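Trainee: Next comes the structure file protein-v9.tsv, holding TSV, C-alpha atoms.
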chain	number	residue	atom	x	y	z
Y	2	MET	CA	-7.57	15.15	7.00
Y	3	VAL	CA	-10.07	17.94	7.03
Y	4	ALA	CA	-10.23	20.31	10.01
Y	5	GLY	CA	-13.61	21.34	11.30
Y	6	CYS	CA	-15.52	19.12	8.89
Y	7	ALA	CA	-19.01	18.16	10.07
Y	8	ILE	CA	-18.90	14.98	8.02
Y	9	GLN	CA	-17.41	11.91	9.67
Y	10	PRO	CA	-13.64	11.95	8.95
Y	11	ARG	CA	-11.98	9.28	6.87
Y	12	ILE	CA	-8.60	7.75	6.51
Y	13	ILE	CA	-6.87	6.26	3.52
Y	14	SER	CA	-5.08	3.00	4.22
Y	15	SER	CA	-2.55	1.65	1.79
Y	16	PHE	CA	-5.31	-0.68	0.65
Y	17	LEU	CA	-8.51	1.22	1.42
Y	18	GLY	CA	-8.94	1.91	-2.25
Y	19	ASP	CA	-12.39	3.42	-2.20
Y	20	TYR	CA	-11.82	5.66	0.80
Y	21	ARG	CA	-14.43	4.41	3.26
Y	22	PHE	CA	-15.52	6.35	6.33
Y	23	ILE	CA	-14.25	4.81	9.55
Y	24	GLN	CA	-14.11	5.49	13.23
Y	25	SER	CA	-11.29	4.87	15.68
Y	26	THR	CA	-10.59	5.55	19.32
Y	27	SER	CA	-6.82	5.78	18.91
Y	28	ASP	CA	-4.71	8.87	19.54
Y	29	THR	CA	-3.25	8.62	16.05
Y	30	LEU	CA	-6.37	9.12	13.97
Y	31	PRO	CA	-7.57	12.54	15.17
Y	32	CYS	CA	-4.12	13.91	14.36
Y	33	LEU	CA	-4.37	12.62	10.82
Y	34	PHE	CA	-7.83	14.07	10.35
Y	35	ARG	CA	-6.62	17.55	11.27
Y	36	TYR	CA	-4.07	17.45	8.48
Y	37	THR	CA	-4.77	19.66	5.47
Y	38	ARG	CA	-2.68	21.25	2.76
Y	39	GLY	CA	-4.96	24.20	2.06
Y	40	LYS	CA	-8.54	25.14	1.37
Y	41	ASN	CA	-8.60	23.85	-2.20
Y	42	HIS	CA	-7.38	20.45	-1.12
Y	43	ALA	CA	-9.88	20.28	1.73
Y	44	SER	CA	-12.69	21.32	-0.55
Y	45	MET	CA	-11.93	18.53	-2.99
Y	46	LEU	CA	-11.90	15.98	-0.18
Y	47	ASN	CA	-15.27	17.21	1.07
Y	48	SER	CA	-16.75	16.94	-2.38
Y	49	ARG	CA	-15.46	13.39	-2.65
Y	50	MET	CA	-17.03	12.41	0.66
Y	51	VAL	CA	-20.39	14.05	-0.01
Y	52	SER	CA	-20.90	12.82	-3.53
Y	53	GLY	CA	-19.28	9.41	-3.43
Y	54	LEU	CA	-18.17	9.93	-7.03
Y	55	THR	CA	-14.79	8.43	-7.77
Y	56	ASN	CA	-13.98	11.01	-10.42
Y	57	LEU	CA	-13.87	13.96	-8.03
Y	58	LEU	CA	-10.72	12.97	-6.17
Y	59	PHE	CA	-8.00	15.51	-6.99
Y	60	ASN	CA	-9.69	16.64	-10.22
Y	61	ARG	CA	-8.80	13.58	-12.31
Y	62	ARG	CA	-6.88	14.53	-15.44
Y	63	THR	CA	-7.22	13.18	-18.95
Y	64	ILE	CA	-4.82	10.29	-19.51
Y	65	GLU	CA	-2.28	11.30	-22.14
Y	66	ASP	CA	1.33	10.82	-23.18
Y	67	LEU	CA	3.99	12.38	-20.99
Y	68	PRO	CA	5.66	15.51	-22.36
Y	69	ASN	CA	9.18	14.08	-22.40
Y	70	GLY	CA	8.15	11.27	-24.74
Y	71	LYS	CA	10.14	8.67	-22.79
Y	72	ARG	CA	7.06	6.63	-21.96
Y	73	LYS	CA	3.31	6.77	-22.20
Y	74	ARG	CA	0.94	7.31	-19.33
Y	75	LEU	CA	-0.75	4.22	-18.04
Y	76	ARG	CA	-4.05	3.24	-19.54
Y	77	PRO	CA	-6.52	0.71	-18.19
Y	78	GLY	CA	-6.28	-2.75	-19.74
Y	79	LYS	CA	-8.69	-5.66	-19.84
Y	80	VAL	CA	-9.39	-7.26	-16.47
Y	81	THR	CA	-10.13	-10.98	-16.47
Y	82	PRO	CA	-12.74	-12.57	-14.18
Y	83	ARG	CA	-12.03	-13.17	-10.51
Y	84	ARG	CA	-10.04	-16.35	-9.92
Y	85	PRO	CA	-11.60	-19.10	-7.79
Y	86	VAL	CA	-10.29	-20.19	-4.39
Y	87	PRO	CA	-10.80	-23.80	-3.22
Y	88	ALA	CA	-13.72	-24.09	-0.83
Y	89	ASN	CA	-11.61	-25.65	1.92
Y	90	ILE	CA	-9.41	-22.55	2.31
Y	91	PRO	CA	-10.60	-20.26	5.13
Y	92	ARG	CA	-11.60	-16.76	4.01
Y	93	PRO	CA	-11.38	-13.42	5.82
Y	94	SER	CA	-14.75	-12.17	7.02
Y	95	TYR	CA	-14.90	-9.37	4.45
Y	96	VAL	CA	-14.85	-11.68	1.42
Y	97	ASN	CA	-17.98	-11.48	-0.76
Y	98	SER	CA	-18.92	-8.16	0.81
Y	99	LYS	CA	-18.42	-4.99	-1.20
Y	100	LYS	CA	-18.11	-3.04	2.03
Y	101	PRO	CA	-14.63	-3.43	3.56
Y	102	PRO	CA	-14.31	-3.31	7.32
Y	103	GLY	CA	-12.10	-0.23	7.38
Y	104	ILE	CA	-9.43	0.03	10.06
Y	105	ALA	CA	-10.06	-1.72	13.36
Y	106	SER	CA	-9.44	0.43	16.42
Y	107	VAL	CA	-7.73	-2.34	18.40
Y	108	PRO	CA	-3.98	-2.68	17.77
Y	109	GLU	CA	-2.51	-6.07	16.90
Y	110	VAL	CA	-0.58	-7.25	19.97
Y	111	HIS	CA	0.09	-10.99	20.07
Y	112	ASP	CA	0.73	-13.85	22.47
Y	113	LYS	CA	3.27	-16.56	21.68
Y	114	LYS	CA	0.88	-18.49	19.42
Y	115	GLY	CA	-0.13	-15.35	17.57
Y	116	ILE	CA	3.50	-14.42	16.96
Y	117	GLU	CA	4.18	-17.81	15.43
Y	118	CYS	CA	1.11	-17.45	13.20
Y	119	MET	CA	2.31	-14.01	12.12
Y	120	ARG	CA	5.74	-15.42	11.31
Y	121	ALA	CA	4.15	-18.13	9.19
Y	122	SER	CA	1.92	-15.76	7.22
Y	123	GLY	CA	4.75	-13.26	6.83
Y	124	LYS	CA	7.13	-15.93	5.56
Y	125	LEU	CA	4.63	-17.15	2.98
Y	126	ALA	CA	3.94	-13.60	1.81
Y	127	ALA	CA	7.69	-13.05	1.40
Y	128	GLN	CA	8.11	-16.27	-0.56
Y	129	VAL	CA	5.21	-15.40	-2.85
Y	130	LEU	CA	6.60	-11.91	-3.44
Y	131	GLN	CA	10.06	-13.31	-4.18
Y	132	PHE	CA	8.51	-15.69	-6.71
Y	133	ALA	CA	6.47	-12.90	-8.28
Y	134	GLY	CA	9.63	-10.87	-8.71
Y	135	THR	CA	11.19	-13.62	-10.81
Y	136	LEU	CA	8.33	-13.28	-13.28
Y	137	VAL	CA	8.99	-9.60	-13.98
Y	138	LYS	CA	10.32	-9.18	-17.51
Y	139	PRO	CA	9.36	-7.41	-20.72
Y	140	GLY	CA	6.45	-9.12	-22.48
Y	141	ILE	CA	4.58	-10.52	-19.46
Y	142	THR	CA	1.23	-9.07	-18.46
Y	143	THR	CA	0.33	-8.07	-14.94
Y	144	ASP	CA	-2.62	-10.46	-15.20
Y	145	GLU	CA	-0.18	-13.33	-15.76
Y	146	ILE	CA	1.65	-12.29	-12.59
Y	147	ASP	CA	-1.66	-12.28	-10.72
Y	148	ARG	CA	-2.49	-15.77	-11.98
Y	149	ALA	CA	0.85	-17.19	-10.83
Y	150	VAL	CA	0.65	-15.43	-7.45
Y	151	HIS	CA	-2.91	-16.63	-6.92
Y	152	GLN	CA	-1.96	-20.21	-7.68
Y	153	MET	CA	1.03	-20.20	-5.32
Y	154	ILE	CA	-1.00	-18.74	-2.45
Y	155	VAL	CA	-3.88	-21.21	-2.68
Y	156	GLU	CA	-1.51	-24.15	-3.19
Y	157	ASN	CA	-0.07	-23.26	0.22
Y	158	GLY	CA	-3.49	-23.32	1.83
Y	159	ALA	CA	-3.80	-19.55	2.15
Y	160	TYR	CA	-6.22	-16.95	0.84
Y	161	PRO	CA	-5.03	-13.94	-1.23
Y	162	SER	CA	-6.15	-11.12	1.08
Y	163	PRO	CA	-6.83	-8.46	-1.60
Y	164	LEU	CA	-9.29	-10.70	-3.48
Y	165	GLY	CA	-12.78	-9.46	-2.68
Y	166	TYR	CA	-11.63	-6.76	-0.26
Y	167	GLY	CA	-14.17	-4.00	-0.89
Y	168	GLY	CA	-14.77	-5.53	-4.31
Y	169	PHE	CA	-11.10	-5.59	-5.37
Y	170	PRO	CA	-11.12	-8.06	-8.29
Y	171	LYS	CA	-7.63	-9.57	-8.13
Y	172	SER	CA	-5.27	-11.43	-5.81
Y	173	VAL	CA	-2.36	-8.99	-5.88
Y	174	CYS	CA	-1.74	-5.31	-6.64
Y	175	THR	CA	0.57	-4.44	-9.53
Y	176	SER	CA	1.45	-0.74	-9.71
Y	177	LEU	CA	3.45	0.39	-12.74
Y	178	ASN	CA	5.52	3.55	-13.22
Y	179	GLU	CA	3.35	6.49	-12.09
Y	180	CYS	CA	0.90	4.24	-10.24
Y	181	ILE	CA	1.31	4.97	-6.53
Y	182	CYS	CA	-0.65	1.95	-5.34
Y	183	HIS	CA	-3.63	-0.39	-5.87
Y	184	GLY	CA	-2.99	-1.12	-9.53
Y	185	ILE	CA	-5.34	-3.84	-10.77
Y	186	PRO	CA	-3.60	-6.62	-12.76
Y	187	ASP	CA	-4.83	-6.59	-16.35
Y	188	SER	CA	-3.76	-7.11	-19.96
Y	189	ARG	CA	-1.10	-4.40	-19.83
Y	190	VAL	CA	2.22	-5.83	-21.01
Y	191	LEU	CA	5.35	-4.92	-19.07
Y	192	GLU	CA	7.78	-2.98	-21.25
Y	193	ASP	CA	11.53	-2.50	-21.13
Y	194	GLY	CA	12.30	0.39	-18.79
Y	195	ASP	CA	9.18	0.07	-16.62
Y	196	ILE	CA	9.19	-0.25	-12.86
Y	197	VAL	CA	6.45	-2.23	-11.13
Y	198	ASN	CA	5.47	-2.60	-7.50
Y	199	ILE	CA	3.97	-5.95	-6.54
Y	200	ASP	CA	1.98	-5.91	-3.30
Y	201	VAL	CA	1.25	-9.34	-1.78
Y	202	THR	CA	-0.90	-10.12	1.24
Y	203	VAL	CA	-1.81	-13.66	2.32
Y	204	TYR	CA	-4.33	-14.86	4.90
Y	205	LEU	CA	-2.95	-18.00	6.53
Y	206	ASN	CA	-4.37	-19.72	9.62
Y	207	GLY	CA	-6.34	-16.60	10.49
Y	208	TYR	CA	-3.49	-14.06	10.15
Y	209	HIS	CA	-2.48	-11.66	7.36
Y	210	GLY	CA	1.09	-11.17	6.14
Y	211	ASP	CA	1.57	-8.04	4.01
Y	212	THR	CA	4.59	-7.01	1.92
Y	213	SER	CA	5.57	-5.31	-1.34
Y	214	ALA	CA	8.60	-4.43	-3.45
Y	215	THR	CA	9.33	-2.48	-6.61
Y	216	TYR	CA	11.06	-4.31	-9.48
Y	217	PHE	CA	12.90	-3.29	-12.64
Y	218	VAL	CA	11.59	-4.40	-16.02
Y	219	GLY	CA	14.52	-4.94	-18.35
Y	220	ASP	CA	16.89	-2.00	-18.79
Y	221	VAL	CA	15.75	0.77	-16.44
Y	222	ASP	CA	17.25	4.27	-16.53
Y	223	GLU	CA	19.28	5.74	-13.68
Y	224	GLU	CA	16.50	8.11	-12.62
Y	225	ALA	CA	14.13	5.23	-11.91
Y	226	ARG	CA	16.84	3.07	-10.34
Y	227	ASN	CA	17.76	5.77	-7.86
Y	228	LEU	CA	14.13	6.36	-6.88
Y	229	VAL	CA	13.68	2.66	-6.16
Y	230	LYS	CA	16.96	2.49	-4.23
Y	231	VAL	CA	16.11	5.44	-2.01
Y	232	THR	CA	12.57	4.19	-1.36
Y	233	LYS	CA	13.95	0.88	-0.12
Y	234	GLU	CA	16.45	2.73	2.05
Y	235	CYS	CA	13.61	4.76	3.55
Y	236	LEU	CA	11.83	1.58	4.60
Y	237	ASN	CA	14.98	0.02	6.06
Y	238	ASN	CA	15.89	3.20	7.93
Y	239	ALA	CA	12.40	3.41	9.42
Y	240	ILE	CA	12.46	-0.21	10.58
Y	241	SER	CA	15.84	0.33	12.22
Y	242	ILE	CA	14.45	2.89	14.70
Y	243	CYS	CA	11.48	0.76	15.81
Y	244	ALA	CA	11.41	-0.65	19.36
Y	245	PRO	CA	9.08	-0.75	22.37
Y	246	GLY	CA	8.20	2.74	23.57
Y	247	VAL	CA	9.35	4.53	20.42
Y	248	GLU	CA	6.90	7.15	19.13
Y	249	PHE	CA	5.26	6.26	15.82
Y	250	ASN	CA	5.94	9.74	14.46
Y	251	LYS	CA	9.66	8.91	14.35
Y	252	ILE	CA	8.87	6.62	11.41
Y	253	GLY	CA	7.56	9.51	9.35
Y	254	LYS	CA	10.46	11.78	10.28
Y	255	THR	CA	13.02	9.12	9.39
Y	256	ILE	CA	11.45	8.48	5.99
Y	257	HIS	CA	10.86	12.14	5.18
Y	258	ASP	CA	14.39	13.17	6.17
Y	259	HIS	CA	15.97	10.58	3.89
Y	260	ALA	CA	13.63	11.38	0.99
Y	261	ASP	CA	14.43	15.08	1.34
Y	262	LYS	CA	18.15	14.40	1.02
Y	263	HIS	CA	17.47	13.01	-2.45
Y	264	HIS	CA	14.78	15.55	-3.38
Y	265	TYR	CA	11.94	13.04	-3.58
Y	266	GLY	CA	8.36	13.57	-2.53
Y	267	VAL	CA	6.62	11.43	0.12
Y	268	VAL	CA	3.02	10.51	-0.61
Y	269	GLN	CA	0.88	11.52	2.37
Y	270	GLN	CA	-2.60	10.23	1.58
Y	271	PHE	CA	-1.72	6.55	1.98
Y	272	VAL	CA	-0.51	4.97	5.18
Y	273	GLY	CA	0.82	1.86	6.86
Y	274	HIS	CA	-1.33	0.04	9.40
Y	275	GLY	CA	-1.58	-2.61	12.05
Y	276	VAL	CA	-1.81	-6.08	10.56
Y	277	GLY	CA	-2.56	-9.52	11.95
Y	278	ARG	CA	-5.92	-11.10	12.64
Y	279	VAL	CA	-7.46	-8.28	10.61
Y	280	PHE	CA	-6.10	-6.82	7.39
Y	281	HIS	CA	-6.00	-3.22	8.65
Y	282	SER	CA	-5.99	-1.97	12.23
Y	283	ASP	CA	-4.51	0.74	14.38
Y	284	PRO	CA	-1.92	2.15	14.50
Y	285	VAL	CA	-2.01	4.32	11.42
Y	286	ILE	CA	1.58	4.69	10.19
Y	287	LEU	CA	2.26	8.07	8.60
Y	288	HIS	CA	5.28	8.13	6.31
Y	289	TYR	CA	5.86	11.89	6.51
Y	290	ARG	CA	6.76	14.28	9.36
Y	291	ASN	CA	3.93	14.57	11.85
Y	292	ASN	CA	3.18	15.24	15.49
Y	293	CYS	CA	0.77	12.38	16.08
Y	294	ARG	CA	0.90	10.62	19.42
Y	295	GLY	CA	1.27	6.93	20.15
Y	296	ARG	CA	4.11	4.56	21.01
Y	297	MET	CA	5.10	1.11	19.86
Y	298	MET	CA	4.25	-1.83	22.12
Y	299	LEU	CA	6.05	-5.11	22.70
Y	300	ASN	CA	4.69	-7.92	20.46
Y	301	GLN	CA	2.80	-5.46	18.25
Y	302	THR	CA	2.66	-5.95	14.48
Y	303	PHE	CA	2.18	-3.32	11.80
Y	304	THR	CA	3.33	-2.40	8.30
Y	305	ILE	CA	5.61	0.37	7.11
Y	306	GLU	CA	5.19	1.09	3.39
Y	307	PRO	CA	6.59	4.41	2.13
Y	308	MET	CA	5.65	5.64	-1.34
Y	309	LEU	CA	8.08	8.13	-2.90
Y	310	THR	CA	7.73	10.14	-6.10
Y	311	ILE	CA	10.08	11.97	-8.40
Y	312	GLY	CA	7.53	14.75	-8.96
Y	313	SER	CA	4.09	15.54	-7.59
Y	314	ILE	CA	2.90	13.70	-4.47
Y	315	ASN	CA	-0.75	14.42	-5.31
Y	316	PRO	CA	-2.74	11.30	-6.25
Y	317	ILE	CA	-5.44	10.89	-8.87
Y	318	MET	CA	-7.84	7.96	-8.80
Y	319	TRP	CA	-9.03	6.18	-11.92
Y	320	ASP	CA	-12.64	5.32	-12.61
Y	321	ASP	CA	-12.05	1.77	-11.39
Y	322	ASN	CA	-12.10	3.28	-7.88
Y	323	TRP	CA	-8.78	1.64	-7.02
Y	324	THR	CA	-5.85	2.62	-9.27
Y	325	VAL	CA	-4.07	5.70	-7.91
Y	326	VAL	CA	-1.50	7.54	-10.04
Y	327	THR	CA	0.63	10.65	-9.63
Y	328	GLU	CA	-0.95	13.90	-10.71
Y	329	ASP	CA	1.85	14.77	-13.15
Y	330	GLY	CA	2.62	11.25	-14.38
Y	331	SER	CA	5.96	11.14	-12.55
Y	332	LEU	CA	7.37	7.84	-11.32
Y	333	SER	CA	6.46	6.42	-7.93
Y	334	ALA	CA	8.04	3.55	-5.99
Y	335	GLN	CA	7.08	1.66	-2.83
Y	336	PHE	CA	8.45	-0.98	-0.47
Y	337	GLU	CA	6.66	-2.60	2.44
Y	338	HIS	CA	7.28	-4.99	5.31
Y	339	SER	CA	5.19	-6.34	8.16
Y	340	ILE	CA	7.20	-6.05	11.37
Y	341	LEU	CA	6.98	-7.34	14.95
Y	342	ILE	CA	8.13	-5.17	17.84
Y	343	THR	CA	10.48	-7.20	20.04
Y	344	GLU	CA	12.50	-6.49	23.18
Y	345	ASN	CA	15.53	-5.76	21.02
Y	346	GLY	CA	13.88	-3.67	18.30
Y	347	ALA	CA	11.92	-4.93	15.31
Y	348	GLU	CA	11.74	-8.28	13.56
Y	349	ILE	CA	10.92	-8.24	9.87
Y	350	LEU	CA	8.25	-10.87	9.38
Y	351	THR	CA	8.06	-10.64	5.59
Y	352	GLN	CA	11.49	-11.67	4.45
Y	353	CYS	CA	12.75	-15.02	3.17
Please express what this file holds, its structure, as structure tokens.
Mentor:
Amino acid sequence: MVAGCAIQPRIISSFLGDYRFIQSTSDTLPCLFRYTRGKNHASMLNSRMVSGLTNLLFNRRTIEDLPNGKRKRLRPGKVTPRRPVPANIPRPSYVNSKKPPGIASVPEVHDKKGIECMRASGKLAAQVLQFAGTLVKPGITTDEIDRAVHQMIVENGAYPSPLGYGGFPKSVCTSLNECICHGIPDSRVLEDGDIVNIDVTVYLNGYHGDTSATYFVGDVDEEARNLVKVTKECLNNAISICAPGVEFNKIGKTIHDHADKHHYGVVQQFVGHGVGRVFHSDPVILHYRNNCRGRMMLNQTFTIEPMLTIGSINPIMWDDNWTVVTEDGSLSAQFEHSILITENGAEILTQC
């Protein structure tokens, strides 16, 4: 993101919550690293990389009530201990290491067996997400959602991919209201009028399936409903243009164009990614307009996961080193699918 920086560049995946340094040989990454929105922004990123302090990212604000009085800003709740996984369930290699592997430079392109494994993991992820959505109602805590999701995943012989990734303490991400991504399930009770994104990834038979959706909690106002609707449309529109040989930058243009029509912001610091035998790999999928090179390949799998906001697109990270919220407390929504590039376009792997 920072031009001319002597420090090794970094990329922010949709689940690289603590912003690790990585290297890649792809054509996509150097383009991303050149991106900057001005000297102040670049300076803050440099400070974050040099110091390693979580509080420096985007000058974290004091958490306080929103001016309009409609709802309160999110506050951290109590996080329960990490849930156990039966010993017989295979784990990804990063589990029990506080250092995540970053983004692998080799894209995920599969043979026939690999495609079937991706379909299986994607289907399970979709089923788990669908189940999690039925739990969303006023009065339930996000920790209760995590417990139910965890149980369903392990009962199906899979591992919840987020659990232990870079020290992430839970089996699913639950991002409420102004939370852009990586919300940690805790004691926070869902309230009437909230929106919540649930991000599920499962590791089944050596392959990850990754998906998310934003849900309404009780009676949600029209402003929030429209944001969620348009965000889902952005994802669907982007998937519809995917096919072998298509440039990856068309995804960002498609999403950004549709968001602009409805006057929503597109978060730029968090990206989609290749997915399969590893949790995150090339290509890096930018959800905004860009000139990055790279084309889609037959039998390749990756995620598209746009995050839209009503107000500021600038993220602020909490002290937990994971939870990312909008700078101004405005609502954010996200949808995600894992897709397979086929001869005829794209197959959505994460749908029931």
Trainee: Restricting the calculation to only C-alpha atoms, which member of Y:Val150, Y:Ile342, Y:Ile196, Y:Ile181 is positioned closest to Asp222 in chain Y?
Mentor: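 Using only C-alpha atoms, Asp222 in chain Y sits closest to Y:Ile196.
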Trainee: With a distance cut-off of 6 Å and all atoms listed in the file, select the neighbouring residues of Phe303 in chain Y, excluding the residue or stretch itself and same-chain residues fewer than 5 positions from it, and output the selection as a list in words.
Mentor: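 Listed by chain and then number, they are His274, Gly275, Val276, Ser339 and Ile340 of chain Y.
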Trainee: In terms of the shortest atom-to-atom distance over only C-alpha atoms, which of Y:Ala149, Y:Leu130, Y:Gly158, Y:Leu205 is closest to Phe280 in chain Y?
Mentor: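 The answer is Y:Leu205, which sits nearest to Phe280 in chain Y.
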Trainee: Tell me which of Y:Cys353, Y:Met153, Y:Ile104, Y:Ile305 sits closest to His338 in chain Y, counting only C-alpha atoms.
Mentor: Y:Ile305
Trainee: Around (5.7, -0.5, -2.7), as given in the file, which residues come within 7 Å? Count all atoms listed in the file and list them as number ranges by chain.
Mentor: Y: 198-200, 213-215, 306-308, 334-337
Trainee: Could you write those residues out with C-alpha atoms, as a PDB file, keeping the file's coordinate frame?
Mentor:
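Okay, this is what ended up in result23.pdb:
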ATOM      1  CA  ASN Y 198       5.470  -2.600  -7.500  1.00  0.00           C
ATOM      2  CA  ILE Y 199       3.970  -5.950  -6.540  1.00  0.00           C
ATOM      3  CA  ASP Y 200       1.980  -5.910  -3.300  1.00  0.00           C
ATOM      4  CA  SER Y 213       5.570  -5.310  -1.340  1.00  0.00           C
ATOM      5  CA  ALA Y 214       8.600  -4.430  -3.450  1.00  0.00           C
ATOM      6  CA  THR Y 215       9.330  -2.480  -6.610  1.00  0.00           C
ATOM      7  CA  GLU Y 306       5.190   1.090   3.390  1.00  0.00           C
ATOM      8  CA  PRO Y 307       6.590   4.410   2.130  1.00  0.00           C
ATOM      9  CA  MET Y 308       5.650   5.640  -1.340  1.00  0.00           C
ATOM     10  CA  ALA Y 334       8.040   3.550  -5.990  1.00  0.00           C
ATOM     11  CA  GLN Y 335       7.080   1.660  -2.830  1.00  0.00           C
ATOM     12  CA  PHE Y 336       8.450  -0.980  -0.470  1.00  0.00           C
ATOM     13  CA  GLU Y 337       6.660  -2.600   2.440  1.00  0.00           C
TER      14      GLU Y 337
END
